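A.B. asks: my_file.cif is reproduced below (mmCIF, C-alpha atoms and all ligand atoms).
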data_my_file
#
loop_
_atom_site.label_atom_id
_atom_site.label_comp_id
_atom_site.auth_asym_id
_atom_site.auth_seq_id
_atom_site.Cartn_x
_atom_site.Cartn_y
_atom_site.Cartn_z
CA MET A 147 10.86 20.94 -13.44
CA SER A 148 7.04 21.28 -13.45
CA ARG A 149 5.93 23.91 -15.98
CA ILE A 150 5.72 27.31 -14.30
CA SER A 151 4.61 30.24 -16.45
CA LEU A 152 5.84 33.80 -15.91
CA THR A 153 2.34 34.69 -14.70
CA ARG A 154 2.38 31.94 -12.09
CA TYR A 155 5.91 32.87 -10.99
CA LEU A 156 4.89 36.51 -10.51
CA VAL A 157 1.68 35.59 -8.66
CA GLU A 158 3.70 33.36 -6.32
CA GLU A 159 6.24 36.16 -5.79
CA GLN A 160 3.35 38.45 -4.85
CA ARG A 161 1.17 36.11 -2.78
CA GLN A 162 3.53 33.56 -1.25
CA ARG A 163 6.81 35.46 -0.95
CA GLY A 164 5.35 38.96 -0.72
CA SER A 165 8.33 40.28 -2.69
CA ILE A 166 6.25 42.34 -5.13
CA PRO A 167 2.92 44.20 -4.90
CA ALA A 168 0.11 43.56 -7.40
CA ASP A 169 0.86 46.77 -9.31
CA LEU A 170 4.45 45.71 -10.01
CA ARG A 171 3.31 42.19 -10.97
CA LEU A 172 0.86 43.67 -13.50
CA LEU A 173 3.53 46.03 -14.86
CA LEU A 174 5.96 43.15 -15.44
CA GLU A 175 3.22 41.13 -17.16
CA VAL A 176 2.59 44.05 -19.55
CA VAL A 177 6.32 44.45 -20.26
CA SER A 178 6.60 40.71 -21.03
CA ARG A 179 3.65 40.94 -23.45
CA ALA A 180 5.31 43.91 -25.15
CA CYS A 181 8.50 41.85 -25.53
CA LYS A 182 6.47 39.09 -27.22
CA ALA A 183 5.09 41.65 -29.68
CA ILE A 184 8.61 42.96 -30.37
CA ALA A 185 9.84 39.39 -30.86
CA ASN A 186 7.12 38.87 -33.48
CA ALA A 187 8.18 42.02 -35.35
CA VAL A 188 11.87 41.06 -35.18
CA ASN A 189 11.16 37.49 -36.35
CA LYS A 190 9.32 38.73 -39.44
CA GLY A 191 12.34 40.82 -40.53
CA ALA A 192 12.42 41.50 -44.23
CA LEU A 193 8.99 39.89 -44.68
CA ALA A 194 7.45 42.81 -42.80
CA GLY A 195 9.75 45.48 -44.23
CA VAL A 196 11.08 46.34 -40.76
CA LEU A 197 14.79 46.02 -41.53
CA GLY A 198 17.15 48.87 -42.28
CA SER A 199 17.53 52.28 -40.74
CA ALA A 200 14.89 54.92 -40.14
CA GLU A 201 15.40 58.47 -41.41
CA SER A 202 15.96 59.70 -37.83
CA GLY A 203 18.76 59.70 -35.26
CA ASN A 204 18.52 59.65 -31.45
CA ILE A 205 19.95 61.79 -28.69
CA GLN A 206 22.86 59.37 -28.52
CA GLY A 207 23.88 60.56 -31.97
CA GLU A 208 23.16 57.07 -33.32
CA LYS A 209 21.23 56.30 -36.50
CA GLN A 210 17.94 54.64 -35.52
CA GLN A 211 16.87 51.36 -37.06
CA LYS A 212 13.22 51.00 -38.05
CA LEU A 213 12.88 48.30 -35.40
CA ASP A 214 14.26 50.66 -32.71
CA LEU A 215 11.28 52.92 -33.30
CA ILE A 216 8.80 50.04 -33.60
CA ALA A 217 10.02 48.48 -30.34
CA ASN A 218 9.86 51.87 -28.61
CA GLU A 219 6.28 52.45 -29.74
CA VAL A 220 5.23 48.93 -28.67
CA LEU A 221 6.54 49.54 -25.15
CA LEU A 222 4.95 52.99 -24.87
CA ASP A 223 1.55 51.83 -26.20
CA ALA A 224 1.50 48.73 -24.01
CA ASN A 225 2.46 50.51 -20.80
CA GLU A 226 0.86 53.96 -20.88
CA LEU A 227 -2.70 52.92 -20.03
CA GLY A 228 -2.16 50.30 -17.31
CA GLY A 229 -2.21 52.70 -14.37
CA ASN A 230 1.05 51.34 -12.88
CA LEU A 231 3.37 54.04 -14.22
CA ALA A 232 4.03 57.74 -13.67
CA ALA A 233 6.42 57.98 -16.63
CA MET A 234 8.79 56.13 -18.93
CA ALA A 235 12.27 56.84 -20.30
CA SER A 236 13.89 55.29 -23.36
CA GLU A 237 17.23 55.31 -25.14
CA GLU A 238 15.25 56.36 -28.21
CA MET A 239 13.58 59.44 -26.65
CA ASP A 240 15.37 62.68 -25.76
CA SER A 241 13.34 63.28 -22.59
CA PHE A 242 11.05 61.16 -20.42
CA TYR A 243 7.47 60.30 -21.43
CA GLU A 244 4.85 61.32 -18.86
CA ILE A 245 1.71 59.18 -18.73
CA PRO A 246 -1.06 61.10 -20.61
CA HIS A 247 -3.63 62.68 -18.28
CA ARG A 248 -6.41 60.55 -19.83
CA TYR A 249 -4.87 57.55 -18.07
CA PRO A 250 -4.44 56.92 -14.31
CA MET A 251 -0.97 57.60 -12.91
CA GLY A 252 0.91 54.89 -11.05
CA GLU A 253 3.88 54.81 -8.67
CA TYR A 254 6.54 53.27 -10.94
CA LEU A 255 9.00 54.56 -13.51
CA LEU A 256 9.88 52.26 -16.43
CA LEU A 257 13.16 52.76 -18.27
CA PHE A 258 14.24 50.78 -21.31
CA ASP A 259 16.52 50.28 -24.24
CA PRO A 260 13.79 49.04 -26.56
CA LEU A 261 16.09 47.26 -28.97
CA ASP A 262 19.64 46.76 -27.73
CA GLY A 263 22.20 45.75 -30.33
CA SER A 264 19.95 46.89 -33.16
CA SER A 265 22.91 47.27 -35.53
CA ASN A 266 22.72 43.44 -35.63
CA VAL A 267 19.13 43.42 -36.93
CA ASP A 268 20.00 43.31 -40.63
CA VAL A 269 22.53 40.49 -40.15
CA ASN A 270 20.18 38.28 -38.13
CA VAL A 271 22.22 38.25 -34.91
CA SER A 272 20.52 38.16 -31.48
CA ILE A 273 19.22 41.49 -30.15
CA GLY A 274 17.02 42.35 -27.22
CA THR A 275 15.07 44.67 -24.94
CA ILE A 276 16.51 45.82 -21.60
CA PHE A 277 14.23 47.27 -18.89
CA SER A 278 14.51 48.72 -15.40
CA VAL A 279 11.82 49.64 -12.87
CA LEU A 280 12.14 52.34 -10.21
CA LYS A 281 9.62 53.73 -7.76
CA LYS A 282 8.71 57.36 -8.38
CA PRO A 283 9.91 59.36 -5.36
CA LEU A 284 7.05 60.55 -3.15
CA GLY A 285 6.21 64.23 -3.22
CA SER A 286 4.52 66.15 -6.03
CA ASP A 287 2.46 64.30 -8.65
CA ALA A 288 4.41 66.12 -11.36
CA VAL A 289 7.21 64.03 -12.88
CA SER A 290 10.67 65.49 -13.42
CA GLU A 291 13.90 64.07 -14.84
CA ALA A 292 15.28 64.15 -11.29
CA ASP A 293 12.80 61.37 -10.35
CA PHE A 294 14.72 59.01 -12.66
CA LEU A 295 18.16 59.92 -11.30
CA GLN A 296 18.31 57.19 -8.66
CA SER A 297 21.26 54.86 -8.18
CA GLY A 298 20.75 51.35 -9.54
CA GLN A 299 20.47 49.76 -6.10
CA HIS A 300 16.99 51.35 -5.90
CA GLN A 301 15.62 49.33 -8.84
CA VAL A 302 12.62 47.23 -7.75
CA ALA A 303 12.87 45.03 -10.86
CA ALA A 304 15.11 44.64 -13.89
CA GLY A 305 15.35 42.32 -16.85
CA TYR A 306 15.84 41.79 -20.53
CA ALA A 307 14.44 39.80 -23.43
CA VAL A 308 16.71 38.18 -26.02
CA TYR A 309 15.32 37.75 -29.54
CA GLY A 310 17.59 34.93 -30.67
CA PRO A 311 17.34 31.20 -31.46
CA GLN A 312 14.90 31.23 -28.54
CA THR A 313 13.05 34.23 -27.21
CA THR A 314 14.00 34.37 -23.54
CA LEU A 315 13.05 36.74 -20.73
CA VAL A 316 15.48 37.10 -17.82
CA LEU A 317 14.10 38.83 -14.72
CA THR A 318 14.89 39.77 -11.15
CA VAL A 319 12.54 41.30 -8.58
CA GLY A 320 15.31 41.19 -5.99
CA ASN A 321 14.80 37.51 -5.24
CA GLY A 322 17.38 35.90 -7.53
CA VAL A 323 17.44 35.68 -11.34
CA GLN A 324 14.88 33.63 -13.26
CA CYS A 325 15.04 32.75 -16.96
CA PHE A 326 11.90 32.14 -19.02
CA THR A 327 11.66 30.78 -22.55
CA LEU A 328 8.81 31.75 -24.88
CA ASP A 329 6.60 28.82 -25.83
CA ARG A 330 5.37 30.13 -29.17
CA GLU A 331 2.53 27.62 -29.48
CA ALA A 332 1.12 28.50 -26.06
CA GLY A 333 2.19 32.14 -26.39
CA SER A 334 3.56 32.20 -22.84
CA PHE A 335 6.94 32.53 -21.14
CA VAL A 336 7.84 29.34 -19.23
CA LEU A 337 10.37 29.14 -16.39
CA THR A 338 13.39 27.24 -17.74
CA GLN A 339 16.21 28.30 -15.37
CA LYS A 340 15.62 29.01 -11.65
CA ASN A 341 17.90 31.11 -9.41
CA VAL A 342 20.69 31.46 -11.95
CA ARG A 343 24.23 31.48 -10.46
CA ILE A 344 27.27 32.76 -12.36
CA PRO A 345 30.48 30.68 -11.92
CA GLU A 346 32.96 32.75 -9.89
CA ASP A 347 35.81 31.95 -12.31
CA THR A 348 35.92 31.98 -16.09
CA GLN A 349 38.18 31.56 -19.10
CA GLU A 350 36.08 33.70 -21.43
CA PHE A 351 36.17 37.46 -21.90
CA ALA A 352 33.98 39.76 -23.98
CA ILE A 353 35.34 43.08 -25.23
CA ASN A 354 35.59 44.89 -28.56
CA MET A 355 39.31 44.23 -29.22
CA SER A 356 39.45 46.79 -32.06
CA ASN A 357 39.47 49.50 -29.36
CA MET A 358 42.58 48.12 -27.60
CA ARG A 359 44.84 51.09 -28.37
CA HIS A 360 42.33 53.42 -26.71
CA TRP A 361 41.94 51.54 -23.41
CA ASP A 362 43.13 52.58 -19.97
CA GLN A 363 46.18 50.74 -18.61
CA PRO A 364 44.33 48.32 -16.20
CA ILE A 365 42.19 46.97 -19.06
CA LYS A 366 45.23 46.57 -21.33
CA ARG A 367 47.01 44.73 -18.49
CA TYR A 368 44.07 42.40 -17.89
CA ILE A 369 43.52 41.55 -21.57
CA ASN A 370 47.24 41.12 -22.30
CA GLU A 371 47.44 38.61 -19.44
CA CYS A 372 44.43 36.74 -20.87
CA LEU A 373 46.07 36.71 -24.33
CA ALA A 374 49.34 35.38 -22.82
CA GLY A 375 47.40 32.23 -21.89
CA GLU A 376 48.99 29.37 -19.93
CA GLU A 377 52.51 30.65 -20.61
CA GLY A 378 51.59 33.97 -19.00
CA PRO A 379 50.80 35.11 -15.44
CA ARG A 380 47.27 33.67 -15.53
CA GLN A 381 48.64 30.18 -16.38
CA LYS A 382 45.47 29.31 -18.28
CA ASN A 383 44.15 29.92 -21.79
CA PHE A 384 41.22 32.24 -22.46
CA ASN A 385 38.53 32.35 -25.12
CA MET A 386 36.95 35.55 -26.49
CA ARG A 387 33.38 36.32 -27.53
CA TRP A 388 31.91 39.69 -28.69
CA VAL A 389 28.36 39.70 -30.05
CA ALA A 390 27.95 43.51 -30.03
CA SER A 391 24.58 42.89 -28.35
CA MET A 392 24.93 43.33 -24.62
CA VAL A 393 21.84 41.16 -24.01
CA ALA A 394 23.47 38.22 -25.84
CA ASP A 395 26.80 38.61 -24.04
CA VAL A 396 25.10 38.88 -20.64
CA GLN A 397 22.90 35.87 -21.42
CA ARG A 398 26.06 33.84 -22.10
CA ILE A 399 27.68 35.06 -18.87
CA LEU A 400 24.59 34.19 -16.81
CA THR A 401 24.59 30.77 -18.45
CA ARG A 402 28.29 29.76 -18.27
CA GLY A 403 30.24 32.63 -16.68
CA GLY A 404 32.55 35.18 -18.26
CA ILE A 405 33.49 38.84 -18.05
CA PHE A 406 32.00 41.62 -20.21
CA MET A 407 33.83 44.92 -20.57
CA TYR A 408 32.99 48.17 -22.30
CA PRO A 409 35.47 50.42 -20.49
CA TRP A 410 36.21 54.11 -20.78
CA ASP A 411 38.55 54.80 -23.65
CA LYS A 412 40.46 57.83 -24.77
CA ARG A 413 38.52 58.39 -28.01
CA THR A 414 36.07 60.53 -25.99
CA PRO A 415 37.96 61.26 -22.75
CA ASP A 416 35.16 63.40 -21.31
CA ARG A 417 32.69 60.50 -21.66
CA ALA A 418 32.70 57.84 -18.95
CA GLY A 419 32.04 55.05 -21.49
CA LYS A 420 29.74 53.97 -24.32
CA LEU A 421 26.92 52.20 -22.49
CA ARG A 422 24.08 54.05 -20.81
CA LEU A 423 23.84 53.90 -17.04
CA LEU A 424 20.11 54.05 -16.38
CA TYR A 425 18.69 51.58 -18.92
CA GLU A 426 21.65 49.35 -19.84
CA ALA A 427 24.29 49.19 -17.09
CA ASN A 428 21.97 49.41 -14.08
CA PRO A 429 19.48 46.66 -15.03
CA MET A 430 22.28 44.37 -16.22
CA SER A 431 24.30 45.05 -13.05
CA LEU A 432 21.36 44.19 -10.81
CA LEU A 433 20.85 40.90 -12.67
CA ILE A 434 24.57 40.06 -12.48
CA GLU A 435 24.76 40.80 -8.74
CA GLN A 436 21.54 38.89 -8.06
CA ALA A 437 23.20 35.91 -9.81
CA GLY A 438 26.35 36.14 -7.64
CA GLY A 439 28.52 38.19 -10.01
CA LEU A 440 29.96 41.71 -9.72
CA ALA A 441 29.54 44.89 -11.77
CA THR A 442 31.95 47.82 -11.53
CA THR A 443 33.05 50.92 -13.42
CA GLY A 444 36.62 49.93 -12.50
CA GLN A 445 36.56 52.45 -9.67
CA GLU A 446 33.18 51.80 -8.03
CA ARG A 447 30.18 49.48 -7.90
CA ILE A 448 27.85 50.44 -10.76
CA LEU A 449 24.74 50.16 -8.60
CA ASP A 450 26.17 52.80 -6.24
CA VAL A 451 26.62 55.44 -8.97
CA VAL A 452 24.24 58.38 -8.47
CA PRO A 453 23.17 59.51 -11.96
CA HIS A 454 23.32 63.17 -12.99
CA ALA A 455 21.60 62.84 -16.37
CA LEU A 456 19.01 60.59 -18.01
CA HIS A 457 21.26 59.41 -20.86
CA GLN A 458 24.48 59.40 -18.86
CA ARG A 459 27.09 56.88 -20.03
CA ILE A 460 29.25 54.67 -17.86
CA SER A 461 32.20 52.29 -18.03
CA VAL A 462 31.04 48.69 -17.57
CA ILE A 463 32.98 45.68 -16.30
CA LEU A 464 30.69 42.86 -15.16
CA GLY A 465 30.45 39.10 -14.78
CA SER A 466 32.27 36.34 -12.86
CA LYS A 467 33.13 37.56 -9.40
CA ASN A 468 36.83 36.65 -9.27
CA GLU A 469 37.62 38.14 -12.70
CA VAL A 470 35.80 41.43 -12.01
CA THR A 471 37.57 41.63 -8.64
CA ARG A 472 40.91 41.22 -10.45
CA VAL A 473 40.17 44.05 -12.88
CA ALA A 474 39.07 46.33 -10.01
CA ARG A 475 42.36 45.48 -8.26
CA TYR A 476 44.32 46.49 -11.36
CA TYR A 477 42.53 49.87 -11.30
CA LYS A 478 43.44 50.26 -7.62
CA GLU A 479 47.07 49.34 -8.28
CA LYS A 480 47.15 51.87 -11.12
CA GLU A 481 45.81 54.58 -8.78
CA ASN A 482 48.41 53.65 -6.13
CA THR A 483 51.17 53.61 -8.75
CA TYR A 484 50.31 57.00 -10.22
CA ALA A 485 49.45 58.35 -6.77
CA THR A 486 52.98 57.55 -5.62
CA PRO A 487 55.20 60.58 -6.35
CA GLN A 488 57.51 59.72 -9.27
CA ILE A 489 61.04 59.80 -7.85
P1 LIG B 1 30.45 48.20 -30.40
C1 LIG B 1 24.85 47.93 -28.85
O1 LIG B 1 24.90 49.09 -29.66
C2 LIG B 1 25.58 48.25 -27.56
O2 LIG B 1 24.93 49.30 -26.92
C3 LIG B 1 25.66 47.02 -26.68
O3 LIG B 1 24.56 46.20 -26.77
C4 LIG B 1 26.92 46.33 -27.17
O4 LIG B 1 27.55 45.56 -26.17
C5 LIG B 1 27.80 47.50 -27.61
O5 LIG B 1 26.92 48.61 -27.86
C6 LIG B 1 28.55 47.18 -28.88
O6 LIG B 1 29.40 48.29 -29.15
O7 LIG B 1 31.28 49.47 -30.24
O8 LIG B 1 31.24 46.95 -30.24
O9 LIG B 1 29.59 48.18 -31.65
#
Show me the file's structure as structure tokens.
C.D. replies:
Amino acid sequence: MSRISLTRYLVEEQRQRGSIPADLRLLLEVVSRACKAIANAVNKGALAGVLGSAESGNIQGEKQQKLDLIANEVLLDANELGGNLAAMASEEMDSFYEIPHRYPMGEYLLLFDPLDGSSNVDVNVSIGTIFSVLKKPLGSDAVSEADFLQSGQHQVAAGYAVYGPQTTLVLTVGNGVQCFTLDREAGSFVLTQKNVRIPEDTQEFAINMSNMRHWDQPIKRYINECLAGEEGPRQKNFNMRWVASMVADVQRILTRGGIFMYPWDKRTPDRAGKLRLLYEANPMSLLIEQAGGLATTGQERILDVVPHALHQRISVILGSKNEVTRVARYYKEKENTYATPQI
């Protein structure tokens, strides 16, 4: 494959395929540069004194790592002056961040989890940045939280960076999924996987098994069948992976297939799930669907869910099409079973 940089790919998307306007191209360039800066901070680790937790906690009730706050600041500083954005929202900030009046306002909203999987920082396991881009609804110039509350199908771009053995950037602008690898010497992201396609079948599932006793019946059914292997109803053996960094698990699924699940569980029955809809589930679901996979809550397509709050959580089942379809069927059969009056 001839060497195509992220910049060249985005220019071609804008000029030849007309899939993105210049403003969105420039925004994505800035986000990719911010991810390079975050990668540098992550790679330094203990040498730069960036490991360990900060004194603060976030709205999620989670202790913040120092690198969570560093990554958040890098993204805010990089993106606030470009003139492409009206506002930003982050897992690490209680409310949205409106572009300061000293800078020009743009038409896009940028949402991100600045450092996903940050509990892995101190143990040197892959972590990453997840981002989603929406258009600010037309109307008043003032920004409100309601502007962000759009279903995931309205995203105009989505992607993530993985800070692992390689630093990769995975991106969709609605025209398939492209994977770029950071060439550290040149300092640029280079296209290394074009139009990624997820295998429709898999023998690999990703779930935190320690939560098994809390799961809903369809998830227990699905996992028990996987564990039964070739002697069981699936008549094939399964492997399990759980990195506890969604970016790493999704990268594996985009590369070789698989199913990732963080379902609702009864520890917090009034909470739909652990993962956040707007800046984790939605961008990952768009990438998965653009690569030929599926992403569901168990009951409905994630990208159809209309958000009611900025930090809303959601149940996530995504990956290889035929496996996700099976899990959704098990939810349907459970509904039909319980819906049938018990004789
Ligand atoms: P658990 C990281 O905190 C995260 O949001 C996802 O990246 C990851 O898949 C999940 O939570 C891990 O959760 O409960 O296994 O630590």
A.B. asks: When the cut-off is 8 Å and you count all atoms listed in the file, which residues lie near ligand LIG 1 (chain B), shown as a list in words?
C.D. replies: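 Checking all atoms listed in the file against ligand LIG 1 (chain B) at 8 Å gives Asp262, Gly263, Ser264, Ser265, Ile273, Ile353, Asn354, Trp388, Val389, Ala390, Ser391, Met392, Val393, Asp395, Tyr408, Lys420, Leu421, Arg422 and Glu426 of chain A.
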A.B. asks: A:Ser461, A:Ser466, A:Thr471, A:Asn370: which is nearest Arg402 of chain A, counting all atoms listed in the file?
C.D. replies: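 Closest to Arg402 of chain A of all the choices is A:Ser466.
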A.B. asks: Could you name the residues that touch segment 326-340 of chain A at 7 Å or less, counting only C-alpha atoms, but leaving out those on the same chain fewer than 3 positions away, as a CSV table (one decimal) with C-alpha atoms, in the coordinates of the input?
C.D. replies:
chain,number,residue,atom,x,y,z
A,149,ARG,CA,5.9,23.9,-16.0
A,150,ILE,CA,5.7,27.3,-14.3
A,151,SER,CA,4.6,30.2,-16.4
A,152,LEU,CA,5.8,33.8,-15.9
A,312,GLN,CA,14.9,31.2,-28.5
A,313,THR,CA,13.0,34.2,-27.2
A,314,THR,CA,14.0,34.4,-23.5
A,315,LEU,CA,13.0,36.7,-20.7
A,316,VAL,CA,15.5,37.1,-17.8
A,323,VAL,CA,17.4,35.7,-11.3
A.B. asks: How would you write as a PyMOL selection string the residues that get within 10 Å of (12.3, 48.2, -35.5) in the file's frame, counting all atoms listed in the file?
C.D. replies: chain A and resi 184+187-188+191+195-200+210-220+260-261+264+267
A.B. asks: Could you please determine the separation between atom CA of Arg248 of chain A and atom CA of His300 of chain A in Å, to one decimal place?
C.D. replies: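 Rounded to one decimal, the two atoms are 28.7 Å apart.
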A.B. asks: Atom CA of Leu222 of chain A to atom CA of Leu424 of chain A: how many Å, to one decimal?
C.D. replies: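 Distance between the two atoms: 17.4 Å.
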A.B. asks: In Å, how far is it from atom CA of Glu291 of chain A to atom CA of Ser241 of chain A?
C.D. replies: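 These two atoms are separated by 7.8 Å.
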A.B. asks: Taking (13.6, 55.3, -20.4) in the file's coordinates as the center, which residues reach within 6 Å of it, counting all atoms listed in the file, put as a ChimeraX atom specification?
C.D. replies: /A:234-237,257-258
A.B. asks: Using all atoms listed in the file for the distances, tell me which of A:Gly229, A:Pro453, A:Gly320, A:Gly285 is nearest to Glu435 of chain A.
C.D. replies: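 Closest to Glu435 of chain A, using all atoms listed in the file: A:Gly320.
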A.B. asks: Using only C-alpha atoms, pick whichever of A:Trp410, A:Tyr368, A:Gln160, A:Met430 has the shortest atom-to-atom distance to Thr275 of chain A.
C.D. replies: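 Comparing A:Trp410, A:Tyr368, A:Gln160, A:Met430 against Thr275 of chain A, the winner is A:Met430.
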